[in-house]
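Peer 1: Here it is, the structure in full.
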Amino acid sequence: MINSDDVFRVFEPHRGKAIVTTSGTAGRKWPQTSNNPERDVSMGSAMGQTTSAAFGLALGLPDEKIVLFDSEGAMLMNLGVLASIAGKKPKNFVHFLLDNEVYATTGGQPVPNNKGIDYAGMAKAIGYASTHHFDDLEDFATKIESIMSEEGPVFISIKIDAEVQNMPVGMRDMTPARPRPQTIKELRAELGITA
Amino acid sequence: MVEQQAAILKPETLVDEFKKNGVTHVVTIPDSETNYLYELMVEQDWLDVVPVSREGETPGTALGLCIAGKVPVVLIQNTGMMEAGDSIRGMAIDAGFPMVFVVGYRGWTRRGVIRDSAAKYTEPFLNAFGLDYYFVETNADGDRITTAFEQARATSRPVVVLIGDEYHGFNR
């Protein structure tokens with residue numbers, strides 16, 4: 001298993017100018033690693049719909065690379081989006097899935113069939129242009145450069161450690177994050193979008 | 001009979017209104033009643049049709065397009081709109097972008113009693129979410145679609161257009 005911090009640390013040098021967004025608790029630590037917060041955007045959340053928002057962003061910005069760090073609990077709530085993405089085939093879309101096998105934010109209960117799902121196989125079968133699976137950090141570090149140069153949609157599933165939160169929500173040490181409207185405003189300013 | 005009804009609300013009316021309002025993308029799930037509209041939309045070189053797998057995907061996909069500076073329209077049926085409730089909340093209402101949802105009003109009828117629960121709950125659903133809506137039944141109502149766009153832009157909120165003639169006018 002791999003720590004999400006290490007995934008982000010290995011990914012960041014290969015990010016280039018990609019726009020990055022995250023879904024679920026697995027992506028919570030990305031802001032601490034990112035060296036380009038003006039190109040990080042929070043899309044909000046609604047039962048796995050961050051994936052759809054990232055898909056829409058990829059369609060709307062075909063000249064920008066869009067990277068999503070998704071989580072398996074969120075993606076299972078919105079699996080049909082894989083077909084939607086595969087149907088439109090956005091060449092600029094890189095879809096990471098950080099799979100910790102549990103609902104970490106609600107105490108660590110396992111997601112359905114948590115050890116038995118081949119997410120990369122699912123993405124391949126549904127029509128993603130390229131798919132990968134990693135459970136070894138060194139292997140991921142070796143391949144990330146070539147993955148980021150592939151034509152999308154690209155899907156990369158990575159098994160990560162579960163960082164389970166069990167405290168009541170009001171008592172948690174919440175990672176400071178820029179609110180969604182601010183990230184959107186700053187991204188649009190960075191891209192010169194006024195519409 | 002069918003030809004007579006086809007004149008009530010032409011799909012061209014919707015496409016013309018979309019073009020007038022600068023629409024770039026239609027995020028949609030085709031249904032049997034809107035097939036001619038779908039065929040007409042995919043023929044337009046200024047319009048990108050984005051088919052999705054379930055209505056819950058539509059607000060998020062539209063949000064991404066809005067952030068990118070595009071002008072999406074969501075085209076779904078009332079049954080799917082109700083399925084998409086949390087997405088409408090989180091990805092449309094809370095997001096602060098103008099979005100127009102064109103919603104087929106399955107089960108609505110001007111005559112007799114509405115028996116389809118999809119129709120019974122449509123307007124209560126919209127009212128519960130605090131969403132304003134405009135009713136379009138004939139070609140003469142077409143400019144209400146522009147009114148919906150104007151309101152969405154003025155308020156940076158979703159506005160709904162209910163298509164009351166879904167069972168007739170969209171088909172040839």
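Here, A, B, ... name the chains of the structure tokens in the order displayed, residue numbers run from 1 inside each chain, and ligands are numbered from 1 in the same displayed order.
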Within 7 Å of Val71 (chain B), counting only C-alpha atoms, which residues show up once you throw out same-chain ones fewer than 4 positions away? Write them as a PyMOL selection string, please.

Peer 2: chain B and resi 22-25+65-66

Peer 1: Residues of chain B within 6 Å of chain A, counting only C-alpha atoms, what are they? List them as number ranges by chain.

Peer 2: B: 52-53, 57, 60-61, 63-65, 68-69, 87, 90

Peer 1: Those residues you just picked out, can you put them in a file as a PDB file, in the first residue's frame with all heavy atoms?

Peer 2:
ATOM      1  N   VAL B  52     -24.710  11.733 -21.374  1.00  0.00           N
ATOM      2  CA  VAL B  52     -24.229  11.155 -20.120  1.00  0.00           C
ATOM      3  C   VAL B  52     -25.089   9.950 -19.771  1.00  0.00           C
ATOM      4  O   VAL B  52     -26.088   9.671 -20.439  1.00  0.00           O
ATOM      5  CB  VAL B  52     -24.220  12.193 -18.978  1.00  0.00           C
ATOM      6  CG1 VAL B  52     -23.206  13.289 -19.265  1.00  0.00           C
ATOM      7  CG2 VAL B  52     -25.598  12.779 -18.746  1.00  0.00           C
ATOM      8  N   SER B  53     -24.697   9.251 -18.719  1.00  0.00           N
ATOM      9  CA  SER B  53     -25.311   7.958 -18.438  1.00  0.00           C
ATOM     10  C   SER B  53     -26.502   8.044 -17.495  1.00  0.00           C
ATOM     11  O   SER B  53     -27.343   7.137 -17.463  1.00  0.00           O
ATOM     12  CB  SER B  53     -24.276   7.014 -17.817  1.00  0.00           C
ATOM     13  OG  SER B  53     -23.136   6.927 -18.642  1.00  0.00           O
ATOM     14  N   GLU B  57     -25.471  13.119 -13.413  1.00  0.00           N
ATOM     15  CA  GLU B  57     -24.204  13.614 -13.950  1.00  0.00           C
ATOM     16  C   GLU B  57     -24.333  14.993 -14.593  1.00  0.00           C
ATOM     17  O   GLU B  57     -23.330  15.680 -14.792  1.00  0.00           O
ATOM     18  CB  GLU B  57     -23.670  12.655 -15.023  1.00  0.00           C
ATOM     19  CG  GLU B  57     -23.339  11.263 -14.541  1.00  0.00           C
ATOM     20  CD  GLU B  57     -22.939  10.366 -15.722  1.00  0.00           C
ATOM     21  OE1 GLU B  57     -22.226  10.847 -16.611  1.00  0.00           O
ATOM     22  OE2 GLU B  57     -23.380   9.218 -15.760  1.00  0.00           O
ATOM     23  N   GLY B  60     -23.089  18.447 -12.684  1.00  0.00           N
ATOM     24  CA  GLY B  60     -21.637  18.502 -12.523  1.00  0.00           C
ATOM     25  C   GLY B  60     -20.934  18.737 -13.848  1.00  0.00           C
ATOM     26  O   GLY B  60     -20.021  19.558 -13.949  1.00  0.00           O
ATOM     27  N   THR B  61     -21.371  18.010 -14.868  1.00  0.00           N
ATOM     28  CA  THR B  61     -20.765  18.192 -16.187  1.00  0.00           C
ATOM     29  C   THR B  61     -20.977  19.627 -16.668  1.00  0.00           C
ATOM     30  O   THR B  61     -20.056  20.272 -17.200  1.00  0.00           O
ATOM     31  CB  THR B  61     -21.374  17.189 -17.188  1.00  0.00           C
ATOM     32  OG1 THR B  61     -21.269  15.871 -16.638  1.00  0.00           O
ATOM     33  CG2 THR B  61     -20.654  17.231 -18.519  1.00  0.00           C
ATOM     34  N   LEU B  63     -21.406  22.198 -14.755  1.00  0.00           N
ATOM     35  CA  LEU B  63     -20.574  23.097 -13.938  1.00  0.00           C
ATOM     36  C   LEU B  63     -19.154  23.184 -14.501  1.00  0.00           C
ATOM     37  O   LEU B  63     -18.593  24.281 -14.612  1.00  0.00           O
ATOM     38  CB  LEU B  63     -20.536  22.610 -12.481  1.00  0.00           C
ATOM     39  CG  LEU B  63     -19.546  23.352 -11.568  1.00  0.00           C
ATOM     40  CD1 LEU B  63     -19.883  24.841 -11.487  1.00  0.00           C
ATOM     41  CD2 LEU B  63     -19.513  22.721 -10.183  1.00  0.00           C
ATOM     42  N   GLY B  64     -18.584  22.045 -14.837  1.00  0.00           N
ATOM     43  CA  GLY B  64     -17.234  22.067 -15.410  1.00  0.00           C
ATOM     44  C   GLY B  64     -17.168  22.915 -16.667  1.00  0.00           C
ATOM     45  O   GLY B  64     -16.228  23.675 -16.888  1.00  0.00           O
ATOM     46  N   LEU B  65     -18.199  22.796 -17.497  1.00  0.00           N
ATOM     47  CA  LEU B  65     -18.254  23.591 -18.727  1.00  0.00           C
ATOM     48  C   LEU B  65     -18.407  25.081 -18.403  1.00  0.00           C
ATOM     49  O   LEU B  65     -17.793  25.929 -19.059  1.00  0.00           O
ATOM     50  CB  LEU B  65     -19.408  23.107 -19.600  1.00  0.00           C
ATOM     51  CG  LEU B  65     -19.174  21.742 -20.267  1.00  0.00           C
ATOM     52  CD1 LEU B  65     -20.492  21.119 -20.722  1.00  0.00           C
ATOM     53  CD2 LEU B  65     -18.218  21.891 -21.457  1.00  0.00           C
ATOM     54  N   ALA B  68     -15.210  26.586 -17.419  1.00  0.00           N
ATOM     55  CA  ALA B  68     -14.369  26.746 -18.610  1.00  0.00           C
ATOM     56  C   ALA B  68     -14.831  27.889 -19.513  1.00  0.00           C
ATOM     57  O   ALA B  68     -14.223  28.133 -20.555  1.00  0.00           O
ATOM     58  CB  ALA B  68     -14.361  25.431 -19.401  1.00  0.00           C
ATOM     59  N   GLY B  69     -15.903  28.564 -19.123  1.00  0.00           N
ATOM     60  CA  GLY B  69     -16.369  29.702 -19.910  1.00  0.00           C
ATOM     61  C   GLY B  69     -17.347  29.335 -21.009  1.00  0.00           C
ATOM     62  O   GLY B  69     -17.678  30.170 -21.852  1.00  0.00           O
ATOM     63  N   SER B  87     -27.274  16.395  -6.819  1.00  0.00           N
ATOM     64  CA  SER B  87     -26.371  17.019  -7.793  1.00  0.00           C
ATOM     65  C   SER B  87     -26.827  18.438  -8.119  1.00  0.00           C
ATOM     66  O   SER B  87     -26.006  19.347  -8.264  1.00  0.00           O
ATOM     67  CB  SER B  87     -26.336  16.199  -9.082  1.00  0.00           C
ATOM     68  OG  SER B  87     -25.988  14.873  -8.819  1.00  0.00           O
ATOM     69  N   GLY B  90     -25.717  20.461  -5.041  1.00  0.00           N
ATOM     70  CA  GLY B  90     -24.286  20.676  -4.834  1.00  0.00           C
ATOM     71  C   GLY B  90     -23.544  21.250  -6.029  1.00  0.00           C
ATOM     72  O   GLY B  90     -22.575  21.989  -5.862  1.00  0.00           O
TER      73      GLY B  90
END

Peer 1: Provide the CA of Phe134 (chain A) to CA of Asn35 (chain A) distance in Å, to one decimal place.

Peer 2: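 Taking CA of Phe134 (chain A) as the start and CA of Asn35 (chain A) as the end point, the length is 24.1 Å.
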
Peer 1: Pick the closest to Ala125 (chain A) from A:Leu137, A:Glu186, A:Thr33, A:Phe155: which is it, counting only C-alpha atoms?

Peer 2: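 Checking each of A:Leu137, A:Glu186, A:Thr33, A:Phe155 against Ala125 (chain A), counting only C-alpha atoms, the winner is A:Phe155.
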
Peer 1: Going by DSSP on the backbone, which residues of region 20-194 of chain A come out as strand (DSSP E or B)? List them as a PyMOL selection string.

Peer 2: chain A and resi 20-22+40+66-71+93-99+102-103+109-110+130-134+154-160

Peer 1: Please return, as number ranges by chain, all residues of region 31-151 of chain B that DSSP assigns to alpha helix (DSSP H) on the basis of the backbone.

Peer 2: B: 35-42, 57-67, 78-83, 85-87, 117-128, 143-151

Peer 1: Would you compute the distance between CA of Gly85 (chain B) and CA of Gln151 (chain B)? Give it in Å to one decimal.

Peer 2: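 Separation of CA of Gly85 (chain B) and CA of Gln151 (chain B): 21.0 Å.
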
Peer 1: Within 12 Å of Phe129 (chain B), counting only C-alpha atoms, which residues qualify if same-chain residues fewer than 6 places away don't, as JSON, numbers by chain?

Peer 2: {"B": [81, 82, 84, 85, 86, 87, 88, 89, 90, 92, 93, 94, 122, 123, 157, 158, 159, 160]}

Peer 1: Taking 2 positions as the minimum chain separation for residues in the same chain, which residues sit within 12 Å of Ala140 (chain B) when counting only C-alpha atoms? Answer as a VMD selection string.

Peer 2: chain B and resid 7 to 10 13 to 14 135 to 138 142 to 145
